[in-house]
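Trainee: Data file my_file-v8.tsv (TSV, C-alpha atoms and all ligand atoms) is appended below.
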```tsv
chain	number	residue	atom	x	y	z
A	1	MET	CA	21.24	5.49	14.38
A	2	LYS	CA	18.55	8.18	14.40
A	3	ARG	CA	15.09	7.54	15.77
A	4	LEU	CA	11.87	8.23	13.87
A	5	ILE	CA	10.73	11.41	15.62
A	6	PRO	CA	14.08	13.29	15.48
A	7	THR	CA	14.35	12.60	11.73
A	8	LEU	CA	10.85	13.99	11.19
A	9	ARG	CA	11.77	17.07	13.24
A	10	ALA	CA	14.92	17.47	11.13
A	11	ASP	CA	12.64	17.49	8.04
A	12	ALA	CA	10.74	20.38	9.66
A	13	CYS	CA	7.52	18.35	9.72
A	14	GLU	CA	4.64	20.01	11.55
A	15	GLU	CA	4.33	18.85	15.18
A	16	SER	CA	0.74	17.83	14.39
A	17	LEU	CA	1.90	15.47	11.60
A	18	ILE	CA	4.65	14.08	13.84
A	19	SER	CA	2.03	13.31	16.46
A	20	VAL	CA	-0.14	11.45	13.89
A	21	LEU	CA	2.83	9.40	12.66
A	22	ASN	CA	3.84	8.69	16.23
A	23	THR	CA	0.35	7.30	16.86
A	24	VAL	CA	0.65	5.04	13.80
A	25	GLN	CA	3.96	3.68	15.08
A	26	THR	CA	2.51	3.03	18.54
A	27	ALA	CA	-0.30	0.97	16.99
A	28	ALA	CA	2.16	-0.81	14.70
A	29	LYS	CA	4.35	-1.88	17.62
A	30	GLU	CA	1.33	-3.43	19.31
A	31	ILE	CA	0.27	-5.19	16.08
A	32	ALA	CA	3.84	-6.46	15.63
A	33	PHE	CA	3.79	-7.84	19.17
A	34	ARG	CA	0.48	-9.68	18.61
A	35	LEU	CA	1.73	-11.11	15.29
A	36	HIS	CA	4.93	-12.22	16.95
A	37	GLN	CA	2.95	-14.05	19.63
A	38	GLY	CA	0.89	-15.74	16.87
A	39	ALA	CA	-0.99	-18.82	18.02
A	40	MET	CA	0.03	-18.09	21.63
A	41	ALA	CA	-1.99	-14.85	21.57
A	42	GLY	CA	-5.03	-16.66	20.09
A	43	VAL	CA	-5.11	-14.26	17.15
A	44	LEU	CA	-4.75	-16.67	14.23
A	45	GLY	CA	-7.68	-17.84	12.10
A	46	SER	CA	-10.86	-16.19	10.85
A	47	THR	CA	-13.86	-14.55	12.47
A	48	LEU	CA	-17.34	-15.48	11.29
A	49	ASP	CA	-17.80	-12.01	9.78
A	50	GLU	CA	-17.23	-10.43	6.38
A	51	ASN	CA	-15.95	-6.89	5.87
A	52	ILE	CA	-17.52	-4.25	3.60
A	53	GLN	CA	-15.53	-5.71	0.69
A	54	GLY	CA	-17.35	-9.07	1.15
A	55	GLU	CA	-14.15	-10.76	2.34
A	56	THR	CA	-13.88	-13.03	5.36
A	57	GLN	CA	-12.15	-11.17	8.18
A	58	LYS	CA	-9.19	-12.68	9.96
A	59	LYS	CA	-9.08	-12.21	13.74
A	60	LEU	CA	-5.96	-10.09	13.33
A	61	ASP	CA	-7.68	-7.87	10.72
A	62	VAL	CA	-10.19	-6.99	13.43
A	63	VAL	CA	-7.57	-6.52	16.16
A	64	ALA	CA	-5.32	-4.36	13.97
A	65	ASN	CA	-8.26	-2.27	12.74
A	66	GLN	CA	-9.51	-1.64	16.29
A	67	LEU	CA	-6.06	-0.68	17.56
A	68	LEU	CA	-5.40	1.80	14.75
A	69	LYS	CA	-8.89	3.25	14.89
A	70	ASP	CA	-8.92	3.71	18.68
A	71	LEU	CA	-5.44	5.21	18.88
A	72	LEU	CA	-5.84	7.51	15.86
A	73	LEU	CA	-9.22	8.81	17.05
A	74	GLU	CA	-7.64	9.68	20.42
A	75	CYS	CA	-5.11	11.88	18.62
A	76	GLN	CA	-6.30	15.48	18.66
A	77	TYR	CA	-4.94	16.15	15.16
A	78	VAL	CA	-6.99	13.42	13.47
A	79	HIS	CA	-10.40	14.54	12.26
A	80	ALA	CA	-11.51	11.21	10.73
A	81	VAL	CA	-10.34	7.77	9.67
A	82	ALA	CA	-11.35	5.51	6.78
A	83	SER	CA	-10.41	1.84	6.93
A	84	GLU	CA	-10.62	-1.01	4.48
A	85	GLU	CA	-12.35	-2.93	7.27
A	86	GLU	CA	-15.01	-0.31	8.08
A	87	ASP	CA	-18.25	0.37	6.16
A	88	SER	CA	-18.01	4.15	6.63
A	89	ILE	CA	-15.62	6.75	7.89
A	90	VAL	CA	-15.32	7.37	11.64
A	91	VAL	CA	-15.09	10.97	12.82
A	92	GLY	CA	-12.92	11.94	15.79
A	93	ASP	CA	-11.80	15.36	16.99
A	94	GLN	CA	-13.68	18.29	15.45
A	95	ARG	CA	-10.49	20.38	15.49
A	96	GLY	CA	-8.39	17.69	13.78
A	97	GLU	CA	-6.58	18.76	10.62
A	98	TYR	CA	-5.80	15.33	9.12
A	99	LEU	CA	-7.72	12.42	7.60
A	100	ILE	CA	-6.13	8.97	7.77
A	101	ALA	CA	-6.99	6.14	5.36
A	102	PHE	CA	-5.54	2.71	6.17
A	103	ASP	CA	-5.47	-0.97	5.41
A	104	PRO	CA	-4.85	-2.33	8.92
A	105	LEU	CA	-3.46	-5.69	7.79
A	106	ASP	CA	-2.63	-6.10	4.13
A	107	GLY	CA	-2.00	-9.64	2.92
A	108	SER	CA	-4.21	-11.23	5.56
A	109	SER	CA	-4.20	-14.62	3.79
A	110	ASN	CA	-0.53	-14.76	4.88
A	111	ILE	CA	-1.33	-14.50	8.60
A	112	ASP	CA	-2.00	-18.18	9.17
A	113	ILE	CA	1.07	-19.30	7.20
A	114	ASN	CA	3.46	-16.99	9.11
A	115	GLY	CA	4.07	-15.00	5.91
A	116	LEU	CA	4.59	-11.28	5.28
A	117	VAL	CA	1.81	-8.86	6.18
A	118	GLY	CA	1.72	-5.11	6.75
A	119	THR	CA	-0.19	-1.98	7.68
A	120	ILE	CA	-0.55	0.63	4.90
A	121	PHE	CA	-1.56	4.23	5.65
A	122	SER	CA	-2.20	7.53	3.91
A	123	VAL	CA	-2.44	10.98	5.52
A	124	LEU	CA	-4.60	13.58	3.78
A	125	PRO	CA	-5.32	17.18	4.74
A	126	ARG	CA	-8.85	17.87	5.98
A	127	PRO	CA	-10.48	19.99	3.28
A	128	ALA	CA	-12.33	23.14	4.31
A	129	GLY	CA	-16.11	23.28	4.02
A	130	ILE	CA	-16.67	19.56	3.33
A	131	GLU	CA	-18.05	16.97	5.74
A	132	GLY	CA	-18.58	13.20	5.69
A	133	GLU	CA	-17.04	10.67	3.31
A	134	GLU	CA	-16.61	13.30	0.63
A	135	MET	CA	-13.67	14.69	2.64
A	136	PHE	CA	-11.68	11.58	1.71
A	137	LEU	CA	-12.43	11.84	-2.02
A	138	GLN	CA	-9.14	13.58	-2.81
A	139	PRO	CA	-6.60	12.45	-5.41
A	140	GLY	CA	-3.41	10.83	-4.07
A	141	LYS	CA	-1.33	13.86	-5.01
A	142	ASN	CA	-2.91	15.63	-2.00
A	143	GLN	CA	-1.33	13.18	0.48
A	144	VAL	CA	0.96	14.83	3.04
A	145	ALA	CA	2.46	11.53	4.17
A	146	ALA	CA	2.22	7.87	3.27
A	147	GLY	CA	3.83	4.70	4.46
A	148	TYR	CA	3.58	1.13	5.57
A	149	VAL	CA	4.78	-1.09	8.36
A	150	LEU	CA	6.03	-4.48	7.19
A	151	TYR	CA	5.76	-7.28	9.74
A	152	GLY	CA	8.46	-9.70	8.59
A	153	PRO	CA	11.66	-11.17	10.00
A	154	SER	CA	12.23	-7.52	11.02
A	155	THR	CA	9.43	-5.03	11.58
A	156	MET	CA	10.07	-2.10	9.26
A	157	LEU	CA	8.43	1.29	8.83
A	158	VAL	CA	8.77	2.81	5.36
A	159	LEU	CA	7.68	6.42	5.23
A	160	THR	CA	7.60	9.59	3.17
A	161	THR	CA	6.39	13.00	4.25
A	162	GLY	CA	6.88	14.37	0.75
A	163	GLN	CA	10.66	14.46	0.63
A	164	SER	CA	12.73	11.29	0.54
A	165	VAL	CA	11.53	7.78	1.32
A	166	ARG	CA	13.10	6.37	4.47
A	167	MET	CA	13.22	2.90	5.98
A	168	TYR	CA	13.24	2.38	9.74
A	169	THR	CA	13.70	-0.93	11.56
A	170	LEU	CA	12.07	-1.70	14.90
A	171	ASP	CA	14.75	-2.28	17.50
A	172	GLN	CA	12.98	-4.75	19.81
A	173	THR	CA	15.46	-4.11	22.60
A	174	VAL	CA	14.47	-0.44	23.01
A	175	GLY	CA	11.06	-0.57	21.29
A	176	GLU	CA	11.94	2.21	18.83
A	177	PHE	CA	12.00	2.53	15.05
A	178	LEU	CA	15.59	3.39	14.04
A	179	LEU	CA	16.58	4.88	10.69
A	180	THR	CA	18.31	2.15	8.69
A	181	LYS	CA	18.02	3.48	5.11
A	182	PRO	CA	17.93	7.29	4.81
A	183	GLU	CA	17.10	7.50	1.12
A	184	VAL	CA	15.38	4.85	-0.98
A	185	LYS	CA	15.86	5.01	-4.77
A	186	ILE	CA	14.33	2.49	-7.16
A	187	PRO	CA	16.63	1.52	-10.05
A	188	HIS	CA	15.07	2.57	-13.38
A	189	GLN	CA	15.63	-0.82	-15.00
A	190	THR	CA	14.75	-4.27	-13.73
A	191	GLN	CA	14.53	-7.94	-14.70
A	192	GLU	CA	11.98	-8.88	-12.05
A	193	PHE	CA	8.18	-8.70	-12.16
A	194	ALA	CA	5.28	-9.65	-9.88
A	195	ILE	CA	1.81	-10.63	-11.07
A	196	ASN	CA	-0.63	-13.37	-10.07
A	197	MET	CA	-0.16	-15.61	-13.13
A	198	SER	CA	-3.18	-17.74	-12.23
A	199	ASN	CA	-5.40	-14.90	-13.51
A	200	LYS	CA	-3.78	-14.92	-16.96
A	201	ARG	CA	-6.90	-16.01	-18.82
A	202	HIS	CA	-8.79	-12.99	-17.44
A	203	TRP	CA	-6.28	-10.25	-18.36
A	204	SER	CA	-6.61	-7.62	-21.08
A	205	THR	CA	-4.92	-8.18	-24.44
A	206	ALA	CA	-2.32	-5.55	-23.55
A	207	MET	CA	-1.34	-7.33	-20.32
A	208	HIS	CA	-1.26	-10.70	-22.14
A	209	GLU	CA	1.14	-9.34	-24.74
A	210	TYR	CA	3.36	-7.58	-22.20
A	211	ILE	CA	3.77	-10.59	-19.90
A	212	SER	CA	4.25	-13.00	-22.87
A	213	ASP	CA	7.15	-10.84	-24.06
A	214	LEU	CA	8.72	-10.88	-20.56
A	215	LEU	CA	8.38	-14.67	-20.41
A	216	ALA	CA	9.98	-15.05	-23.86
A	217	GLY	CA	13.23	-13.89	-22.20
A	218	LYS	CA	16.49	-13.48	-24.06
A	219	GLU	CA	15.09	-15.04	-27.23
A	220	GLY	CA	12.02	-12.75	-27.26
A	221	PRO	CA	11.53	-9.09	-28.21
A	222	ARG	CA	12.82	-7.83	-24.81
A	223	GLU	CA	16.11	-9.72	-25.33
A	224	LYS	CA	16.64	-10.39	-21.63
A	225	ASN	CA	15.51	-12.95	-19.07
A	226	PHE	CA	13.03	-11.93	-16.38
A	227	ASN	CA	12.44	-13.54	-12.99
A	228	MET	CA	9.10	-13.58	-11.16
A	229	ARG	CA	8.09	-13.20	-7.49
A	230	TRP	CA	4.64	-13.15	-5.80
A	231	ILE	CA	4.19	-12.60	-2.07
A	232	ALA	CA	0.35	-12.29	-2.11
A	233	ALA	CA	0.67	-9.17	0.03
A	234	MET	CA	1.11	-5.92	-1.86
A	235	VAL	CA	3.10	-4.58	1.07
A	236	GLY	CA	5.72	-7.34	0.64
A	237	ASP	CA	5.88	-6.98	-3.13
A	238	VAL	CA	6.22	-3.19	-2.94
A	239	HIS	CA	8.89	-3.54	-0.26
A	240	ARG	CA	10.92	-5.70	-2.65
A	241	VAL	CA	10.44	-3.14	-5.44
A	242	LEU	CA	11.61	-0.31	-3.15
A	243	SER	CA	14.55	-2.43	-1.97
A	244	ARG	CA	15.93	-3.64	-5.30
A	245	GLY	CA	13.61	-2.54	-8.13
A	246	GLY	CA	11.03	-4.53	-10.08
A	247	LEU	CA	7.55	-4.19	-11.51
A	248	PHE	CA	4.45	-5.05	-9.49
A	249	THR	CA	1.02	-5.22	-11.06
A	250	TYR	CA	-2.50	-6.15	-10.10
A	251	PRO	CA	-4.23	-5.24	-13.35
A	252	TRP	CA	-7.77	-4.92	-14.62
A	253	ASP	CA	-9.30	-8.32	-15.31
A	254	LYS	CA	-12.60	-9.66	-16.57
A	255	ARG	CA	-13.20	-12.36	-13.90
A	256	LYS	CA	-16.06	-10.48	-12.24
A	257	PRO	CA	-17.41	-7.74	-14.53
A	258	ASN	CA	-18.75	-5.77	-11.53
A	259	LYS	CA	-15.35	-6.02	-9.74
A	260	PRO	CA	-12.65	-5.69	-12.40
A	261	PHE	CA	-9.94	-4.47	-9.97
A	262	LYS	CA	-8.58	-5.91	-6.73
A	263	LEU	CA	-6.59	-3.19	-4.97
A	264	ARG	CA	-8.13	-0.27	-3.15
A	265	LEU	CA	-7.30	3.25	-4.25
A	266	LEU	CA	-7.38	5.01	-0.88
A	267	TYR	CA	-5.93	2.33	1.39
A	268	GLU	CA	-3.38	0.64	-0.88
A	269	ALA	CA	-2.74	2.21	-4.30
A	270	ASN	CA	-2.40	5.88	-3.31
A	271	PRO	CA	-0.01	5.47	-0.36
A	272	MET	CA	2.14	2.98	-2.29
A	273	ALA	CA	2.12	5.29	-5.32
A	274	MET	CA	3.42	8.18	-3.22
A	275	LEU	CA	6.25	6.03	-1.80
A	276	VAL	CA	7.19	4.64	-5.23
A	277	GLU	CA	7.16	8.02	-6.98
A	278	LYS	CA	9.11	9.74	-4.20
A	279	ALA	CA	11.68	6.94	-4.61
A	280	ASP	CA	12.04	7.73	-8.32
A	281	GLY	CA	9.70	5.02	-9.61
A	282	LEU	CA	6.36	5.21	-11.42
A	283	ALA	CA	2.89	4.22	-10.21
A	284	THR	CA	0.08	4.03	-12.78
A	285	ASP	CA	-3.14	2.18	-13.58
A	286	GLY	CA	-1.52	1.16	-16.89
A	287	TYR	CA	-2.57	4.45	-18.50
A	288	ASP	CA	-2.46	7.34	-16.01
A	289	PRO	CA	-0.63	8.15	-12.79
A	290	ILE	CA	-2.47	6.60	-9.81
A	291	MET	CA	-2.17	9.82	-7.82
A	292	THR	CA	-4.17	11.82	-10.40
A	293	ILE	CA	-7.25	9.58	-10.15
A	294	GLN	CA	-10.21	11.42	-8.63
A	295	PRO	CA	-11.87	8.98	-6.18
A	296	THR	CA	-15.65	8.68	-6.30
A	297	ASP	CA	-16.04	6.20	-3.43
A	298	ILE	CA	-13.92	5.54	-0.35
A	299	HIS	CA	-13.77	1.79	-1.12
A	300	GLN	CA	-13.00	2.28	-4.83
A	301	ARG	CA	-10.61	-0.20	-6.48
A	302	VAL	CA	-8.07	0.43	-9.24
A	303	GLY	CA	-5.66	-1.34	-11.55
A	304	VAL	CA	-2.04	-0.95	-10.45
A	305	VAL	CA	1.22	-1.08	-12.41
A	306	LEU	CA	4.14	0.30	-10.37
A	307	GLY	CA	7.87	0.07	-9.89
A	308	SER	CA	11.05	0.68	-11.88
A	309	LYS	CA	10.45	3.65	-14.16
A	310	GLU	CA	11.58	2.23	-17.52
A	311	GLU	CA	9.77	-1.08	-16.99
A	312	VAL	CA	6.50	0.63	-16.04
A	313	GLU	CA	6.87	2.77	-19.18
A	314	SER	CA	7.36	-0.41	-21.26
A	315	CYS	CA	4.18	-1.89	-19.80
A	316	MET	CA	2.29	1.36	-20.47
A	317	ALA	CA	3.43	1.30	-24.10
A	318	TYR	CA	1.62	-2.06	-24.58
A	319	HIS	CA	-1.52	-0.56	-23.01
A	320	ALA	CA	-1.35	2.48	-25.29
A	321	ASN	CA	-1.63	0.15	-28.31
A	322	HIS	CA	-5.05	-1.17	-27.27
A	323	PRO	CA	-8.39	0.39	-26.35
A	324	LYS	CA	-8.83	0.92	-22.61
A	325	PRO	CA	-11.05	-1.92	-21.25
A	326	PHE	CA	-12.53	0.28	-18.47
A	401	LIG	P1	-6.16	-8.49	1.76
A	401	LIG	O1	-6.52	-7.06	1.70
A	401	LIG	O2	-7.33	-9.41	1.87
A	401	LIG	O3	-5.18	-8.71	2.81
A	401	LIG	O4	-5.54	-8.89	0.31
A	401	LIG	C1	-4.26	-8.51	-0.06
A	401	LIG	C2	-4.23	-8.11	-1.51
A	401	LIG	O5	-5.25	-7.22	-1.78
A	401	LIG	C3	-2.88	-7.50	-1.92
A	401	LIG	O6	-2.11	-7.12	-0.86
A	401	LIG	C4	-2.21	-8.60	-2.74
A	401	LIG	O7	-1.37	-8.10	-3.73
A	401	LIG	C5	-3.37	-9.36	-3.28
A	401	LIG	O8	-4.42	-9.23	-2.34
A	401	LIG	C6	-3.04	-10.81	-3.48
A	401	LIG	O9	-4.13	-11.43	-4.00
A	401	LIG	P2	-4.10	-12.85	-4.71
A	401	LIG	O10	-2.76	-13.48	-4.51
A	401	LIG	O11	-5.21	-13.60	-4.05
A	401	LIG	O12	-4.39	-12.59	-6.14
```
Take the structure in the file and give it back as structure tokens.
Mentor:
Amino acid sequence: MKRLIPTLRADACEESLISVLNTVQTAAKEIAFRLHQGAMAGVLGSTLDENIQGETQKKLDVVANQLLKDLLLECQYVHAVASEEEDSIVVGDQRGEYLIAFDPLDGSSNIDINGLVGTIFSVLPRPAGIEGEEMFLQPGKNQVAAGYVLYGPSTMLVLTTGQSVRMYTLDQTVGEFLLTKPEVKIPHQTQEFAINMSNKRHWSTAMHEYISDLLAGKEGPREKNFNMRWIAAMVGDVHRVLSRGGLFTYPWDKRKPNKPFKLRLLYEANPMAMLVEKADGLATDGYDPIMTIQPTDIHQRVGVVLGSKEEVESCMAYHANHPKPF
């Protein structure tokens, strides 16, 4: 089985990009080790702090963030990093040609229950003539690479550098990510969806109608039964979608009028959108492709509807029948 770096070389990836991705995998192996040690490493539970998003930080959020930040900033090709856990961007090497946005540990509420969590990352080119946070305000279509590491029963790296989407599995015996699925393709049709149903009363009319029709099953307008899954970690739900198809959504809702979306554009939605679209799926906010959204803030949040092409199109058709709530 091929290792990560030789497959990237075979894709004729720039040595600088290979070095950045190598750094991400080094950090991921360390995070995987700490997660594996769990309570024995003293990394479970929360800190007393909140992150910029106003969320309580888990000890492992802090550890994972520090590891990624320190290692990436040591890499000569990285000019700056932006993290879900940091207030502002952190600048590294002045000569660096890449910007890295990451969610160090997605699904952190799963840490203490030994559930799925992951690291999501996006690699952007450093734009000429721009400094500071503005450098990161690029639409997702500019990404040169995107991926995630899923810390589950196996530790897996799922990556695209703009060609196919590949899955690698960490071989603990040699400490290397080995290529285990050379080309991921999402089936266009599905009978599986993922949404947090407890938010139903807060959804838009379009989302209400769409999900009601899925739940009506064979006897309803869709004339087929649907099953539902919810991992409470986008990384786990997207991994299922990439593995066997499905629709995943965290939509607009009216719970908190000043915070109508949950997922972050730069750290979660954009990298997952690149993976899903390169695997022949669709990634939208219910109306437009995620990767065409022009960010205005590094911590911006968006609505997300992604997965099997025909199912995402069905969901979008419901949205097209109603005025946009945002
Ligand atoms: P964290 O960023 O706090 O780890 O939250 C994960 C997440 O943003 C996303 O990965 C999940 O899809 C979503 O939260 C789950 O949220 P709820 O189950 O609480 O609605």
Trainee: Please provide as a short mmCIF file (atom, residue, chain, number, x, y, z; two decimals) with C-alpha atoms, keeping the file's coordinate frame all residues within 9 Å of region 262-270 of chain A, with the sequence filter that same-chain residues fewer than 6 positions apart are discarded (counting all atoms listed in the file).
Mentor:
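Result written to part_30.cif:
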```cif
data_model
loop_
_atom_site.label_atom_id
_atom_site.label_comp_id
_atom_site.auth_asym_id
_atom_site.auth_seq_id
_atom_site.Cartn_x
_atom_site.Cartn_y
_atom_site.Cartn_z
CA ALA A 82 -11.35 5.51 6.78
CA SER A 83 -10.41 1.84 6.93
CA GLU A 84 -10.62 -1.01 4.48
CA ALA A 101 -6.99 6.14 5.36
CA PHE A 102 -5.54 2.71 6.17
CA ASP A 103 -5.47 -0.97 5.41
CA PRO A 104 -4.85 -2.33 8.92
CA ASP A 106 -2.63 -6.10 4.13
CA ILE A 120 -0.55 0.63 4.90
CA PHE A 121 -1.56 4.23 5.65
CA SER A 122 -2.20 7.53 3.91
CA PHE A 136 -11.68 11.58 1.71
CA LEU A 137 -12.43 11.84 -2.02
CA GLN A 138 -9.14 13.58 -2.81
CA PRO A 139 -6.60 12.45 -5.41
CA GLY A 140 -3.41 10.83 -4.07
CA LYS A 141 -1.33 13.86 -5.01
CA GLN A 143 -1.33 13.18 0.48
CA ALA A 146 2.22 7.87 3.27
CA MET A 234 1.11 -5.92 -1.86
CA VAL A 235 3.10 -4.58 1.07
CA TYR A 250 -2.50 -6.15 -10.10
CA PRO A 251 -4.23 -5.24 -13.35
CA TRP A 252 -7.77 -4.92 -14.62
CA ASP A 253 -9.30 -8.32 -15.31
CA ALA A 283 2.89 4.22 -10.21
CA ILE A 290 -2.47 6.60 -9.81
CA MET A 291 -2.17 9.82 -7.82
CA ILE A 293 -7.25 9.58 -10.15
CA PRO A 295 -11.87 8.98 -6.18
CA ILE A 298 -13.92 5.54 -0.35
CA HIS A 299 -13.77 1.79 -1.12
CA GLN A 300 -13.00 2.28 -4.83
CA ARG A 301 -10.61 -0.20 -6.48
CA VAL A 302 -8.07 0.43 -9.24
CA GLY A 303 -5.66 -1.34 -11.55
CA VAL A 304 -2.04 -0.95 -10.45
#
```
Trainee: Kindly indicate which residue among A:Asn142, A:Ile18, A:Glu85, A:Lys224 lies nearest to Glu50 (chain A), using all atoms listed in the file for the distances.
Mentor: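 Result for the nearest residue to Glu50 (chain A): A:Glu85.
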Trainee: Could you give me, as a tab-separated table, a per-residue list for region 203-254 of chain A showing, wherever an atom lies at most 12 Å from an atom of region 156-164 of chain A, the closest pair of atoms and their distance in Å to one decimal, using all atoms listed in the file and sorting by chain then residue number from low to high?
Mentor:
```
residue	atom	partner	partner_atom	distance
A:Val235	CA	A:Val158	CA	10.3
A:Gly236	CA	A:Met156	CA	11.0
A:Val238	CA	A:Val158	CA	10.6
A:His239	CA	A:Val158	CA	8.5
A:Arg240	CA	A:Val158	CA	11.9
A:Leu242	CA	A:Val158	CA	9.5
A:Ser243	CA	A:Val158	CA	10.7
```
Trainee: One decimal, in Å: what's the spacing between atom O11 of ligand LIG 401 (chain A) and CA of Glu30 (chain A)?
Mentor: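 These two atoms are separated by 26.3 Å.
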Trainee: Grab all the atoms of region 110-118 of chain A that the file lists, wrap them in a box along x, y and z, add 8 Å per side, and give me centre plus edge lengths in Å (one decimal) as AutoDock Vina command-line options.
Mentor:
```
--center_x 1.3 --center_y -12.2 --center_z 7.0 --size_x 22.6 --size_y 30.2 --size_z 20.3
```
Trainee: Kindly indicate which residue among A:Met135, A:Leu215, A:Val90, A:Ala279 lies nearest to Val184 (chain A), using all atoms listed in the file for the distances.
Mentor: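 That would be A:Ala279, the residue with the smallest distance to Val184 (chain A).
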Trainee: A:Thr284, A:Thr173, A:Gln76, A:Gln57: which is nearest ligand LIG 401 (chain A), counting all atoms listed in the file?
Mentor: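 Among the listed residues, the smallest separation from ligand LIG 401 (chain A) belongs to A:Gln57.
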Trainee: So, counting only C-alpha atoms and all ligand atoms, which residue among A:Ala216, A:Leu150, A:Leu8, A:Ala27 is closest to ligand LIG 401 (chain A)?
Mentor: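 Selected residue with least distance to ligand LIG 401 (chain A): A:Leu150.
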Trainee: Could you tell me how far CA of Lys59 (chain A) lies from atom P1 of ligand LIG 401 (chain A), in Å and to one decimal?
Mentor: 12.9 Å
Trainee: What's the separation between CA of Leu73 (chain A) and CA of Pro271 (chain A), in Å to one decimal place?
Mentor: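 Atom-to-atom, CA of Leu73 (chain A) and CA of Pro271 (chain A) are spaced 20.0 Å apart.
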Trainee: Which is closest to ligand LIG 401 (chain A) among A:Lys200, A:Lys324, A:Arg3, A:His188, if we use all atoms listed in the file?
Mentor: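 Closest to ligand LIG 401 (chain A), using all atoms listed in the file: A:Lys200.
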